[in-house]
Every structure is written in C-alpha cells, then in structure tokens.
$ cat data_17.cif   # mmCIF, C-alpha atoms
data_model
#
loop_
_atom_site.group_PDB
_atom_site.id
_atom_site.type_symbol
_atom_site.label_atom_id
_atom_site.label_comp_id
_atom_site.auth_asym_id
_atom_site.auth_seq_id
_atom_site.Cartn_x
_atom_site.Cartn_y
_atom_site.Cartn_z
ATOM 1 C CA MET A 1 40.187 163.201 110.859
ATOM 2 C CA ALA A 2 37.928 162.165 113.748
ATOM 3 C CA PRO A 3 36.698 158.562 113.745
ATOM 4 C CA ARG A 4 33.115 157.977 112.721
ATOM 5 C CA PRO A 5 30.728 156.756 115.438
ATOM 6 C CA MET A 6 30.365 152.988 115.770
ATOM 7 C CA THR A 7 26.643 152.644 115.089
ATOM 8 C CA LYS A 8 26.208 149.217 113.459
ATOM 9 C CA VAL A 9 28.676 146.355 113.419
ATOM 10 C CA LEU A 10 28.639 143.290 111.174
ATOM 11 C CA VAL A 11 30.627 140.414 112.652
ATOM 12 C CA PHE A 12 32.004 137.721 110.359
ATOM 13 C CA GLY A 13 32.534 134.552 112.353
ATOM 14 C CA GLY A 14 29.905 135.779 114.806
ATOM 15 C CA LYS A 15 27.519 132.864 114.309
ATOM 16 C CA THR A 16 29.750 129.874 115.001
ATOM 17 C CA GLY A 17 33.207 131.317 115.677
ATOM 18 C CA TRP A 18 34.803 131.613 119.109
ATOM 19 C CA ILE A 19 36.242 135.141 118.979
ATOM 20 C CA GLY A 20 33.383 136.332 116.760
ATOM 21 C CA GLY A 21 30.853 135.098 119.306
ATOM 22 C CA LEU A 22 32.707 136.806 122.145
ATOM 23 C CA MET A 23 32.755 140.059 120.165
ATOM 24 C CA MET A 24 28.990 139.787 119.595
ATOM 25 C CA ASP A 25 28.542 139.463 123.370
ATOM 26 C CA LEU A 26 30.741 142.505 123.996
ATOM 27 C CA LEU A 27 28.909 144.643 121.449
ATOM 28 C CA LYS A 28 25.515 143.728 122.910
ATOM 29 C CA LYS A 29 26.775 144.470 126.411
ATOM 30 C CA GLU A 30 27.810 147.950 125.251
ATOM 31 C CA GLY A 31 24.454 148.496 123.579
ATOM 32 C CA ILE A 32 25.912 148.678 120.070
ATOM 33 C CA GLU A 33 23.694 147.379 117.284
ATOM 34 C CA CYS A 34 25.304 144.317 115.737
ATOM 35 C CA ALA A 35 24.612 141.258 113.633
ATOM 36 C CA ALA A 36 26.395 138.010 112.887
ATOM 37 C CA ALA A 37 27.095 137.835 109.167
ATOM 38 C CA GLU A 38 25.182 135.216 107.206
ATOM 39 C CA SER A 39 27.471 135.254 104.155
ATOM 40 C CA ARG A 40 30.741 133.345 103.898
ATOM 41 C CA ILE A 41 33.751 135.536 103.233
ATOM 42 C CA GLU A 42 34.878 133.483 100.215
ATOM 43 C CA ASN A 43 31.574 134.307 98.436
ATOM 44 C CA ARG A 44 32.290 137.846 97.259
ATOM 45 C CA GLU A 45 28.875 138.615 95.749
ATOM 46 C CA ALA A 46 27.036 137.417 98.856
ATOM 47 C CA VAL A 47 29.321 139.437 101.136
ATOM 48 C CA SER A 48 28.839 142.543 98.990
ATOM 49 C CA ALA A 49 25.059 142.141 99.081
ATOM 50 C CA GLU A 50 25.045 141.692 102.854
ATOM 51 C CA LEU A 51 27.205 144.792 103.389
ATOM 52 C CA ASP A 52 24.820 146.802 101.178
ATOM 53 C CA ALA A 53 21.758 145.470 103.000
ATOM 54 C CA TYR A 54 23.003 145.899 106.580
ATOM 55 C CA LYS A 55 25.058 149.071 105.988
ATOM 56 C CA PRO A 56 27.476 148.639 108.932
ATOM 57 C CA SER A 57 29.675 151.462 110.154
ATOM 58 C CA HIS A 58 32.273 148.860 111.142
ATOM 59 C CA VAL A 59 33.085 145.251 110.261
ATOM 60 C CA LEU A 60 34.845 142.757 112.521
ATOM 61 C CA ASN A 61 36.302 139.680 110.844
ATOM 62 C CA ALA A 62 36.981 136.664 113.048
ATOM 63 C CA ALA A 63 36.147 134.146 110.321
ATOM 64 C CA GLY A 64 38.815 131.750 109.148
ATOM 65 C CA ILE A 65 39.961 128.165 109.033
ATOM 66 C CA THR A 66 42.217 126.897 111.812
ATOM 67 C CA GLY A 67 41.447 123.221 111.222
ATOM 68 C CA ARG A 68 40.000 120.499 113.412
ATOM 69 C CA PRO A 69 41.312 119.375 115.793
ATOM 70 C CA ASN A 70 44.250 121.684 115.021
ATOM 71 C CA ILE A 71 46.198 123.359 112.216
ATOM 72 C CA ASP A 72 47.588 120.021 111.006
ATOM 73 C CA TRP A 73 44.233 119.707 109.148
ATOM 74 C CA CYS A 74 45.304 122.541 106.851
ATOM 75 C CA GLU A 75 48.250 120.481 105.558
ATOM 76 C CA ASP A 76 45.796 118.122 103.837
ATOM 77 C CA HIS A 77 43.205 120.765 102.881
ATOM 78 C CA LYS A 78 45.272 123.478 101.222
ATOM 79 C CA PRO A 79 42.733 124.787 98.661
ATOM 80 C CA GLU A 80 40.025 125.065 101.348
ATOM 81 C CA THR A 81 42.453 126.885 103.649
ATOM 82 C CA MET A 82 43.476 129.320 100.885
ATOM 83 C CA ARG A 83 39.870 129.944 99.845
ATOM 84 C CA THR A 84 38.874 131.203 103.280
ATOM 85 C CA ASN A 85 42.061 132.492 104.913
ATOM 86 C CA VAL A 86 43.451 134.331 101.903
ATOM 87 C CA ILE A 87 40.812 134.843 99.186
ATOM 88 C CA GLY A 88 37.944 135.321 101.647
ATOM 89 C CA THR A 89 39.785 137.716 103.932
ATOM 90 C CA LEU A 90 40.978 139.789 100.985
ATOM 91 C CA ASN A 91 37.436 139.823 99.542
ATOM 92 C CA LEU A 92 36.118 141.330 102.758
ATOM 93 C CA ALA A 93 38.911 143.883 103.154
ATOM 94 C CA ASP A 94 38.533 144.962 99.529
ATOM 95 C CA LEU A 95 34.742 145.277 99.667
ATOM 96 C CA CYS A 96 34.931 147.251 102.916
ATOM 97 C CA MET A 97 37.403 149.654 101.296
ATOM 98 C CA LEU A 98 35.148 150.135 98.264
ATOM 99 C CA LYS A 99 32.182 150.834 100.552
ATOM 100 C CA ASP A 100 34.173 153.038 102.992
ATOM 101 C CA ILE A 101 33.756 150.719 106.016
ATOM 102 C CA HIS A 102 36.384 150.280 108.730
ATOM 103 C CA CYS A 103 37.412 146.622 108.950
ATOM 104 C CA THR A 104 39.108 144.909 111.898
ATOM 105 C CA ILE A 105 40.727 141.541 111.175
ATOM 106 C CA TYR A 106 41.608 139.143 113.976
ATOM 107 C CA ALA A 107 44.715 137.642 112.387
ATOM 108 C CA THR A 108 47.648 135.748 113.900
ATOM 109 C CA GLY A 109 51.119 136.408 115.242
ATOM 110 C CA CYS A 110 52.082 132.779 114.527
ATOM 111 C CA ILE A 111 54.050 133.896 111.475
ATOM 112 C CA PHE A 112 57.384 134.272 113.280
ATOM 113 C CA LYS A 113 59.935 132.104 115.051
ATOM 114 C CA TYR A 114 62.834 133.056 117.290
ATOM 115 C CA ASP A 115 65.936 133.870 115.223
ATOM 116 C CA ASP A 116 69.385 135.434 115.561
ATOM 117 C CA ALA A 117 67.941 138.963 115.649
ATOM 118 C CA HIS A 118 65.179 137.947 118.095
ATOM 119 C CA PRO A 119 66.745 135.264 120.316
ATOM 120 C CA LEU A 120 64.751 133.213 122.794
ATOM 121 C CA GLY A 121 64.892 134.854 126.222
ATOM 122 C CA SER A 122 66.361 138.133 124.950
ATOM 123 C CA GLY A 123 63.244 140.277 125.410
ATOM 124 C CA ILE A 124 63.675 141.484 121.811
ATOM 125 C CA GLY A 125 60.307 140.996 120.148
ATOM 126 C CA PHE A 126 59.256 141.116 116.515
ATOM 127 C CA LYS A 127 57.843 144.519 115.585
ATOM 128 C CA GLU A 128 54.882 145.227 113.326
ATOM 129 C CA GLU A 129 57.037 145.954 110.276
ATOM 130 C CA ALA A 130 58.914 142.627 110.559
ATOM 131 C CA PHE A 131 58.540 140.273 107.597
ATOM 132 C CA PRO A 132 57.202 136.795 108.460
ATOM 133 C CA ASN A 133 59.984 134.220 108.917
ATOM 134 C CA PHE A 134 57.865 131.163 109.811
ATOM 135 C CA ALA A 135 56.188 129.016 107.172
ATOM 136 C CA GLU A 136 56.590 125.548 108.659
ATOM 137 C CA SER A 137 52.814 125.084 108.710
ATOM 138 C CA PHE A 138 50.540 125.796 105.757
ATOM 139 C CA TYR A 139 48.211 127.712 108.101
ATOM 140 C CA SER A 140 51.001 130.130 109.085
ATOM 141 C CA GLU A 141 52.232 130.339 105.489
ATOM 142 C CA THR A 142 48.810 131.534 104.284
ATOM 143 C CA LYS A 143 48.544 134.016 107.146
ATOM 144 C CA GLY A 144 51.946 135.404 106.226
ATOM 145 C CA TYR A 145 50.868 135.981 102.604
ATOM 146 C CA MET A 146 47.640 137.544 103.714
ATOM 147 C CA GLU A 147 49.154 140.076 106.084
ATOM 148 C CA GLN A 148 51.485 141.459 103.404
ATOM 149 C CA MET A 149 48.514 141.992 101.069
ATOM 150 C CA LEU A 150 46.197 143.396 103.744
ATOM 151 C CA LYS A 151 48.726 146.128 104.513
ATOM 152 C CA CYS A 152 47.719 147.702 101.181
ATOM 153 C CA TYR A 153 44.243 148.547 102.466
ATOM 154 C CA PRO A 154 43.972 151.913 104.279
ATOM 155 C CA ASN A 155 40.696 150.971 106.029
ATOM 156 C CA VAL A 156 41.946 147.783 107.705
ATOM 157 C CA MET A 157 43.283 147.080 111.202
ATOM 158 C CA ILE A 158 45.151 143.773 111.470
ATOM 159 C CA LEU A 159 45.478 142.293 114.952
ATOM 160 C CA ARG A 160 48.150 139.627 115.457
ATOM 161 C CA VAL A 161 46.528 137.341 118.055
ATOM 162 C CA ARG A 162 48.660 134.547 119.581
ATOM 163 C CA MET A 163 47.764 131.432 121.574
ATOM 164 C CA PRO A 164 44.459 132.923 122.816
ATOM 165 C CA ILE A 165 43.502 132.230 126.430
ATOM 166 C CA SER A 166 40.028 132.523 127.985
ATOM 167 C CA ASP A 167 38.726 132.102 131.536
ATOM 168 C CA ASP A 168 36.920 128.820 130.830
ATOM 169 C CA LEU A 169 37.861 125.435 129.355
ATOM 170 C CA ILE A 170 36.316 125.813 125.906
ATOM 171 C CA HIS A 171 38.111 123.585 123.387
ATOM 172 C CA ARG A 172 39.608 126.553 121.504
ATOM 173 C CA ASN A 173 41.365 127.909 124.603
ATOM 174 C CA PHE A 174 45.165 127.433 124.498
ATOM 175 C CA VAL A 175 45.016 126.241 128.113
ATOM 176 C CA THR A 176 42.462 123.536 127.302
ATOM 177 C CA LYS A 177 44.617 122.285 124.438
ATOM 178 C CA ILE A 178 47.850 121.917 126.392
ATOM 179 C CA VAL A 179 46.154 120.536 129.541
ATOM 180 C CA LYS A 180 44.980 117.569 127.461
ATOM 181 C CA TYR A 181 48.410 116.819 125.992
ATOM 182 C CA GLU A 182 50.445 114.027 127.524
ATOM 183 C CA ARG A 183 53.633 116.031 126.993
ATOM 184 C CA VAL A 184 54.294 119.697 126.231
ATOM 185 C CA VAL A 185 57.227 121.765 125.054
ATOM 186 C CA ASN A 186 58.307 124.511 127.447
ATOM 187 C CA ILE A 187 59.002 127.685 125.504
ATOM 188 C CA PRO A 188 58.245 131.307 126.464
ATOM 189 C CA ASN A 189 55.753 132.863 124.046
ATOM 190 C CA SER A 190 53.681 135.972 123.557
ATOM 191 C CA MET A 191 50.015 135.182 124.197
ATOM 192 C CA THR A 192 46.625 136.927 124.125
ATOM 193 C CA VAL A 193 44.339 136.851 127.178
ATOM 194 C CA LEU A 194 40.979 137.476 125.532
ATOM 195 C CA THR A 195 39.154 138.858 128.579
ATOM 196 C CA GLU A 196 41.523 141.839 128.535
ATOM 197 C CA MET A 197 42.357 142.079 124.877
ATOM 198 C CA LEU A 198 38.967 141.792 123.141
ATOM 199 C CA PRO A 199 37.553 144.906 124.858
ATOM 200 C CA ALA A 200 40.790 146.626 123.814
ATOM 201 C CA SER A 201 40.160 145.592 120.197
ATOM 202 C CA LEU A 202 36.702 147.141 120.348
ATOM 203 C CA ALA A 203 38.167 150.419 121.637
ATOM 204 C CA MET A 204 40.725 150.348 118.816
ATOM 205 C CA ALA A 205 38.001 149.689 116.213
ATOM 206 C CA LYS A 206 35.952 152.596 117.590
ATOM 207 C CA ALA A 207 39.043 154.809 117.207
ATOM 208 C CA GLU A 208 39.362 153.453 113.642
ATOM 209 C CA LEU A 209 43.025 152.603 114.038
ATOM 210 C CA THR A 210 44.540 150.969 110.962
ATOM 211 C CA GLY A 211 47.590 148.919 110.059
ATOM 212 C CA VAL A 212 49.216 146.000 111.853
ATOM 213 C CA TYR A 213 49.299 145.592 115.647
ATOM 214 C CA ASN A 214 50.966 142.917 117.727
ATOM 215 C CA PHE A 215 47.870 141.999 119.703
ATOM 216 C CA THR A 216 49.233 140.224 122.763
ATOM 217 C CA ASN A 217 49.684 141.048 126.416
ATOM 218 C CA PRO A 218 53.193 142.465 126.992
ATOM 219 C CA GLY A 219 55.943 139.984 127.765
ATOM 220 C CA VAL A 220 56.117 136.198 127.465
ATOM 221 C CA ILE A 221 54.978 133.183 129.461
ATOM 222 C CA SER A 222 55.972 129.532 129.065
ATOM 223 C CA HIS A 223 53.864 126.399 128.729
ATOM 224 C CA ASN A 224 55.075 125.208 132.137
ATOM 225 C CA GLU A 225 54.135 128.508 133.783
ATOM 226 C CA ILE A 226 50.621 128.201 132.311
ATOM 227 C CA LEU A 227 50.254 124.618 133.553
ATOM 228 C CA ASP A 228 51.613 125.569 136.974
ATOM 229 C CA LEU A 229 48.825 128.153 137.250
ATOM 230 C CA TYR A 230 46.329 125.483 136.205
ATOM 231 C CA THR A 231 47.675 123.249 138.988
ATOM 232 C CA LYS A 232 47.543 126.112 141.492
ATOM 233 C CA TYR A 233 43.983 127.280 140.799
ATOM 234 C CA ILE A 234 42.119 124.477 139.002
ATOM 235 C CA ASP A 235 43.519 121.012 139.771
ATOM 236 C CA PRO A 236 46.285 120.471 142.357
ATOM 237 C CA THR A 237 46.474 116.792 141.325
ATOM 238 C CA TYR A 238 47.338 117.613 137.707
ATOM 239 C CA THR A 239 50.787 116.628 136.436
ATOM 240 C CA TYR A 240 52.564 117.103 133.117
ATOM 241 C CA LYS A 241 55.758 116.108 131.328
ATOM 242 C CA ASN A 242 57.957 118.024 128.914
ATOM 243 C CA PHE A 243 59.511 117.033 125.647
ATOM 244 C CA THR A 244 61.735 118.803 123.112
ATOM 245 C CA ILE A 245 60.703 120.537 119.895
ATOM 246 C CA GLU A 246 62.468 117.739 118.019
ATOM 247 C CA GLU A 247 60.370 115.140 119.836
ATOM 248 C CA GLN A 248 57.226 117.197 119.279
ATOM 249 C CA SER A 249 57.887 117.403 115.545
ATOM 250 C CA LYS A 250 57.681 113.624 115.286
ATOM 251 C CA VAL A 251 54.010 113.631 116.328
ATOM 252 C CA LEU A 252 52.862 116.696 114.348
ATOM 253 C CA LYS A 253 52.333 117.143 110.620
ATOM 254 C CA ALA A 254 53.199 120.835 110.771
ATOM 255 C CA GLY A 255 55.637 122.924 112.782
ATOM 256 C CA ARG A 256 54.514 125.303 115.511
ATOM 257 C CA SER A 257 55.496 128.950 115.844
ATOM 258 C CA ASN A 258 57.295 130.183 118.976
ATOM 259 C CA ASN A 259 58.060 133.865 119.328
ATOM 260 C CA GLU A 260 57.911 137.103 121.290
ATOM 261 C CA LEU A 261 56.057 140.081 119.811
ATOM 262 C CA ASP A 262 56.949 143.672 120.685
ATOM 263 C CA THR A 263 53.906 145.519 122.085
ATOM 264 C CA THR A 264 55.381 149.050 122.150
ATOM 265 C CA LYS A 265 53.185 150.301 119.276
ATOM 266 C CA LEU A 266 50.054 148.648 120.713
ATOM 267 C CA LEU A 267 50.485 150.301 124.111
ATOM 268 C CA ALA A 268 51.381 153.690 122.585
ATOM 269 C CA ASP A 269 48.288 153.778 120.339
ATOM 270 C CA MET A 270 45.824 152.199 122.769
ATOM 271 C CA PRO A 271 42.816 154.485 123.372
ATOM 272 C CA GLU A 272 42.695 156.200 126.750
ATOM 273 C CA GLY A 273 41.215 154.260 129.644
ATOM 274 C CA VAL A 274 42.077 150.776 128.348
ATOM 275 C CA LYS A 275 44.220 148.728 130.752
ATOM 276 C CA ILE A 276 46.287 145.794 129.573
ATOM 277 C CA ASN A 277 48.286 143.749 132.077
ATOM 278 C CA ASP A 278 51.578 142.035 131.370
ATOM 279 C CA ILE A 279 51.046 138.421 130.333
ATOM 280 C CA LYS A 280 52.009 136.839 133.665
ATOM 281 C CA THR A 281 49.656 139.079 135.663
ATOM 282 C CA ALA A 282 46.917 138.659 133.039
ATOM 283 C CA CYS A 283 47.201 134.852 133.161
ATOM 284 C CA ASP A 284 47.136 134.729 136.967
ATOM 285 C CA LEU A 285 43.981 136.854 137.014
ATOM 286 C CA CYS A 286 42.509 134.731 134.211
ATOM 287 C CA PHE A 287 42.953 131.519 136.208
ATOM 288 C CA GLN A 288 41.382 133.131 139.278
ATOM 289 C CA ARG A 289 38.307 133.954 137.163
ATOM 290 C CA MET A 290 38.415 130.498 135.593
ATOM 291 C CA LYS A 291 38.196 128.832 139.015
ATOM 292 C CA VAL A 292 35.044 130.801 139.874
ATOM 293 C CA ASN A 293 33.520 130.208 136.419
ATOM 294 C CA LEU A 294 34.176 126.460 136.424
ATOM 295 C CA GLU A 295 32.783 125.932 139.910
ATOM 296 C CA LYS A 296 29.588 127.647 138.756
ATOM 297 C CA GLN A 297 29.538 125.731 135.471
ATOM 298 C CA TYR A 298 30.175 122.290 136.961
ATOM 299 C CA GLY A 299 28.235 122.842 140.181
ATOM 300 C CA GLY A 300 30.852 122.094 142.784
ATOM 301 C CA PRO A 301 34.375 122.619 144.102
ATOM 302 C CA LEU A 302 37.395 121.886 141.927
ATOM 303 C CA PRO A 303 38.968 119.579 140.974
ATOM 304 C CA ASP A 304 36.298 117.011 141.891
ATOM 305 C CA SER A 305 33.638 118.612 139.711
ATOM 306 C CA LEU A 306 35.828 118.683 136.569
ATOM 307 C CA PRO A 307 34.683 116.451 133.683
ATOM 308 C CA LYS A 308 36.640 113.212 133.224
ATOM 309 C CA GLU A 309 38.374 114.518 130.117
ATOM 310 C CA PHE A 310 40.330 116.945 132.319
ATOM 311 C CA ARG A 311 41.345 114.417 134.978
ATOM 312 C CA ARG A 312 44.538 112.434 134.730
ATOM 313 C CA ALA A 313 44.018 108.691 135.217
#

$ encode --input "data_17.cif" --output "structure tokens"
Amino acid sequence: MAPRPMTKVLVFGGKTGWIGGLMMDLLKKEGIECAAAESRIENREAVSAELDAYKPSHVLNAAGITGRPNIDWCEDHKPETMRTNVIGTLNLADLCMLKDIHCTIYATGCIFKYDDAHPLGSGIGFKEEAFPNFAESFYSETKGYMEQMLKCYPNVMILRVRMPISDDLIHRNFVTKIVKYERVVNIPNSMTVLTEMLPASLAMAKAELTGVYNFTNPGVISHNEILDLYTKYIDPTYTYKNFTIEEQSKVLKAGRSNNELDTTKLLADMPEGVKINDIKTACDLCFQRMKVNLEKQYGGPLPDSLPKEFRRA
C-alpha cells in the first residue's frame, strides 16, 4: 500500500524540545504544514482532543524526560519519568493508531551494553530484534519497557537515537556535555549526527516506515576521537583526561550505556536519495560546520571568541 501524503504534521516536543524544535525547522523549510503540540503526552484526553482538532496526517514525538542536568535526575524522580516516558508515549501511540495516524517516535538506543555476543571492538552490533540488556539507569530501564510495548502498534516507527551530536554547542549536544567534563571514559559507541539523520527521519516518516530502526550513523567513534576533532577544529588549546568506567561510576548515580548498533536494516530501508555517512566522516564534517557556525555566532575567530565556560583555566 502506497504511503499517504505528508500534508500536516503535529510535533510533540516541538515547543521546547531540542529534536522537536529541529524537526519543526525542517518541516517549515520543506514547506510542510506543521504545528508544535500544545498538549502534554501524559494527558490522554488533551492529546486526543488536539489530534481531532488539528487532524495531522503524521505525528512526530520527540517529547520525553531525560532529566536535568542529565539522566541521574530520573533516579530520584521515577514516577515523573514513568508518567511521560512510558505512559505518555504509549498514550500517543495508541491514540494515533485509533485515529489512523502514522507516528514517529524518537526513542533511544541506550538500552544495550556490550556483551559476550556483541563484544567491544568486534564490529558486531545489536540488531533491531535484540532484547534490551541494559537497565543500570532508570531512564534506560523505562525506555526498554516502552520499546517492547510500542512494537505492538502497526502505525509506529521507533527510532533508536544515541548520543546525538549537532553542529553547535547547545547544552543537549553530546559534544558539549563531554567537552565540559574534567575526565571522560574512552569507549567506541554508535552515535547520531543530527544534521544528517533528522532529514533521513523525515524521509522515513513520509514513506510511513514502521517498526524499530537503529537510528545512528554506521560504525562507532570513541570519546577521545570526538574530543580530538574538537581540538582540531574548535579549540587547539583544549586538553582532556581519561578515566575508567569504574572510576566514572563513583561520580554518577546511574550507569551509562555503551554499545554498537547494527545499521544494516536502516540503510536497506532508507528511501532513495538519502545519504548517510559513516560516523567518523559524519563527525568530521559536523565539526567543520560547527567551526563556521560558532565563528558566526560568537563574532570572531576560534578559540578566542568561545565563551568562558568552554575554555580550560
């Protein structure tokens, strides 16, 4: 059956969310009618009323709780996390199914960790049908529950985003987070470069693909490789130190997921004309764009124009 035209899109998380806001920008750029949802996904009646009033052909859901300043917040706010990340997301998927609306959910791939069947450095990634094996943070635990339930809905596309990277220094960017750390672990991971991947998600939504997709650039890149690119393009004076996962665990309330996701299905099903680079190429290009963007934003050459928060004492 041919996909229905994308005529009107309702974006949850489009008002204040990072990815939702970027998707609103993309939709407007393509001339597609769109609106940022006013209702909160945990309020089923309000969501239902808004879907009936706006009558979207497609829904994009980038709403959810990740915690501030990070997912450790979820450890102390479990009911609030469940209400949005599980109950709210299921509300939206269920209502979209009842109203025959295609629903794209920007989920997470942080529900796995390297194991004996998927060893670090082996190039063997977790596939879409793999069952989550990481629940060392409450955030990841809830996302693992949710994915298993969302698979029941025939109208839903679930995108496993990981460690999202953008070509700026917004606080949500994975690069921004690790640049500010005094010490970082150095582990290869699958990651999502948003400048490439968000347009791909729009193409996939237009094609009304459904089911789970590992939504990362192919391959893996390590924390050190990311910071080396930052040093190369943004701040040659920047330095960093490593520490072990065991040392990291002493300063965090919750564990962090490290894994490689297999992108075979994603690349096979990707609509024609969409180009996705491997993660190392994508990151290099991202930092080249970041340099240009930051010099415009801060009004001068780098690194001198960078705000103090990004400069090492």

$ residues_around --input "data_17.cif" --residues "Lys177 of chain A" --least-positions-apart "5" --cutoff "12 Å" --atoms "only C-alpha atoms" --output "MDAnalysis selection string"
chainID A and resid 69:70 163:166 168:172 182:184 223 226:227 309:310

$ closest_residue --input "data_17.cif" --among "A:Gly64, A:Pro199, A:Pro119, A:Pro154" --to "Leu98 of chain A" --atoms "all atoms listed in the file"
A:Pro154

$ closest_atom_pairs --input "data_17.cif" --of "segment 117-208 of chain A" --to "segment 28-49 of chain A" --cutoff "12 Å" --atoms "all atoms listed in the file" --output "tab-separated table"
residue	atom	partner	partner_atom	distance
A:Pro199	CA	A:Glu30	CA	10.2
A:Leu202	CA	A:Glu30	CA	10.2
A:Ala203	CA	A:Glu30	CA	11.2
A:Lys206	CA	A:Ile32	CA	11.1

$ atom_distance --input "data_17.cif" --atom1 "atom CA of Thr239 of chain A" --atom2 "atom CA of Ile178 of chain A"
11.7 Å

$ resolve_selection --input "data_17.cif" --expression "the PyMOL selection byres ((chain A and resi 84-89) around 10)" --output "ChimeraX atom specification"
/A:40-44,47,61-66,79-83,90-94,105,107,139,142-147,149-150

$ closest_residue --input "data_17.cif" --among "A:Tyr298, A:Tyr181, A:Tyr106, A:Tyr213" --to "Tyr240 of chain A" --atoms "only C-alpha atoms"
A:Tyr181

$ closest_residue --input "data_17.cif" --among "A:Cys74, A:Pro132, A:Lys113, A:Ala207" --to "His58 of chain A" --atoms "only C-alpha atoms"
A:Ala207

$ atom_distance --input "data_17.cif" --atom1 "atom CA of Asp278 of chain A" --atom2 "atom CA of Pro218 of chain A"
4.7 Å

$ closest_residue --input "data_17.cif" --among "A:Ala282, A:Met1, A:Leu261, A:Met270" --to "Phe126 of chain A" --atoms "all atoms listed in the file"
A:Leu261

$ closest_residue --input "data_17.cif" --among "A:Gly219, A:Pro236, A:Asp167, A:Pro271" --to "Gln297 of chain A" --atoms "all atoms listed in the file"
A:Asp167

$ atom_distance --input "data_17.cif" --atom1 "atom CA of Leu285 of chain A" --atom2 "atom CA of Pro307 of chain A"
22.7 Å

$ closest_residue --input "data_17.cif" --among "A:Ala135, A:Ile101, A:Leu209, A:Ile124" --to "Ser190 of chain A" --atoms "all atoms listed in the file"
A:Ile124

$ axis_aligned_box --input "data_17.cif" --around "segment 108-120 of chain A" --padding-each-side "4 Å" --output "lines of an AutoDock Vina configuration file"
center_x = 58.5
center_y = 135.5
center_z = 117.1
size_x = 29.7
size_y = 14.9
size_z = 19.3

$ resolve_selection --input "data_17.cif" --expression "the PyMOL selection byres ((chain A and resi 306) around 12)" --output "list in words"
Asp168, Leu169, Ile234, Asp235, Thr237, Tyr238, Lys291, Asn293, Leu294, Glu295, Lys296, Gln297, Tyr298, Gly299, Gly300, Pro301, Leu302, Pro303, Asp304, Ser305, Pro307, Lys308, Glu309, Phe310, Arg311 and Arg312 of chain A

$ resolve_selection --input "data_17.cif" --expression "the PyMOL selection byres ((chain A and resi 277) around 12)" --output "mmCIF file with C-alpha atoms, keeping the file's coordinate frame"
data_model
loop_
_atom_site.group_PDB
_atom_site.id
_atom_site.type_symbol
_atom_site.label_atom_id
_atom_site.label_comp_id
_atom_site.auth_asym_id
_atom_site.auth_seq_id
_atom_site.Cartn_x
_atom_site.Cartn_y
_atom_site.Cartn_z
ATOM 1 C CA MET A 191 50.015 135.182 124.197
ATOM 2 C CA THR A 192 46.625 136.927 124.125
ATOM 3 C CA VAL A 193 44.339 136.851 127.178
ATOM 4 C CA LEU A 194 40.979 137.476 125.532
ATOM 5 C CA THR A 195 39.154 138.858 128.579
ATOM 6 C CA GLU A 196 41.523 141.839 128.535
ATOM 7 C CA MET A 197 42.357 142.079 124.877
ATOM 8 C CA ALA A 200 40.790 146.626 123.814
ATOM 9 C CA THR A 216 49.233 140.224 122.763
ATOM 10 C CA ASN A 217 49.684 141.048 126.416
ATOM 11 C CA PRO A 218 53.193 142.465 126.992
ATOM 12 C CA GLY A 219 55.943 139.984 127.765
ATOM 13 C CA VAL A 220 56.117 136.198 127.465
ATOM 14 C CA THR A 263 53.906 145.519 122.085
ATOM 15 C CA LEU A 267 50.485 150.301 124.111
ATOM 16 C CA VAL A 274 42.077 150.776 128.348
ATOM 17 C CA LYS A 275 44.220 148.728 130.752
ATOM 18 C CA ILE A 276 46.287 145.794 129.573
ATOM 19 C CA ASP A 278 51.578 142.035 131.370
ATOM 20 C CA ILE A 279 51.046 138.421 130.333
ATOM 21 C CA LYS A 280 52.009 136.839 133.665
ATOM 22 C CA THR A 281 49.656 139.079 135.663
ATOM 23 C CA ALA A 282 46.917 138.659 133.039
ATOM 24 C CA CYS A 283 47.201 134.852 133.161
ATOM 25 C CA ASP A 284 47.136 134.729 136.967
ATOM 26 C CA LEU A 285 43.981 136.854 137.014
ATOM 27 C CA CYS A 286 42.509 134.731 134.211
#
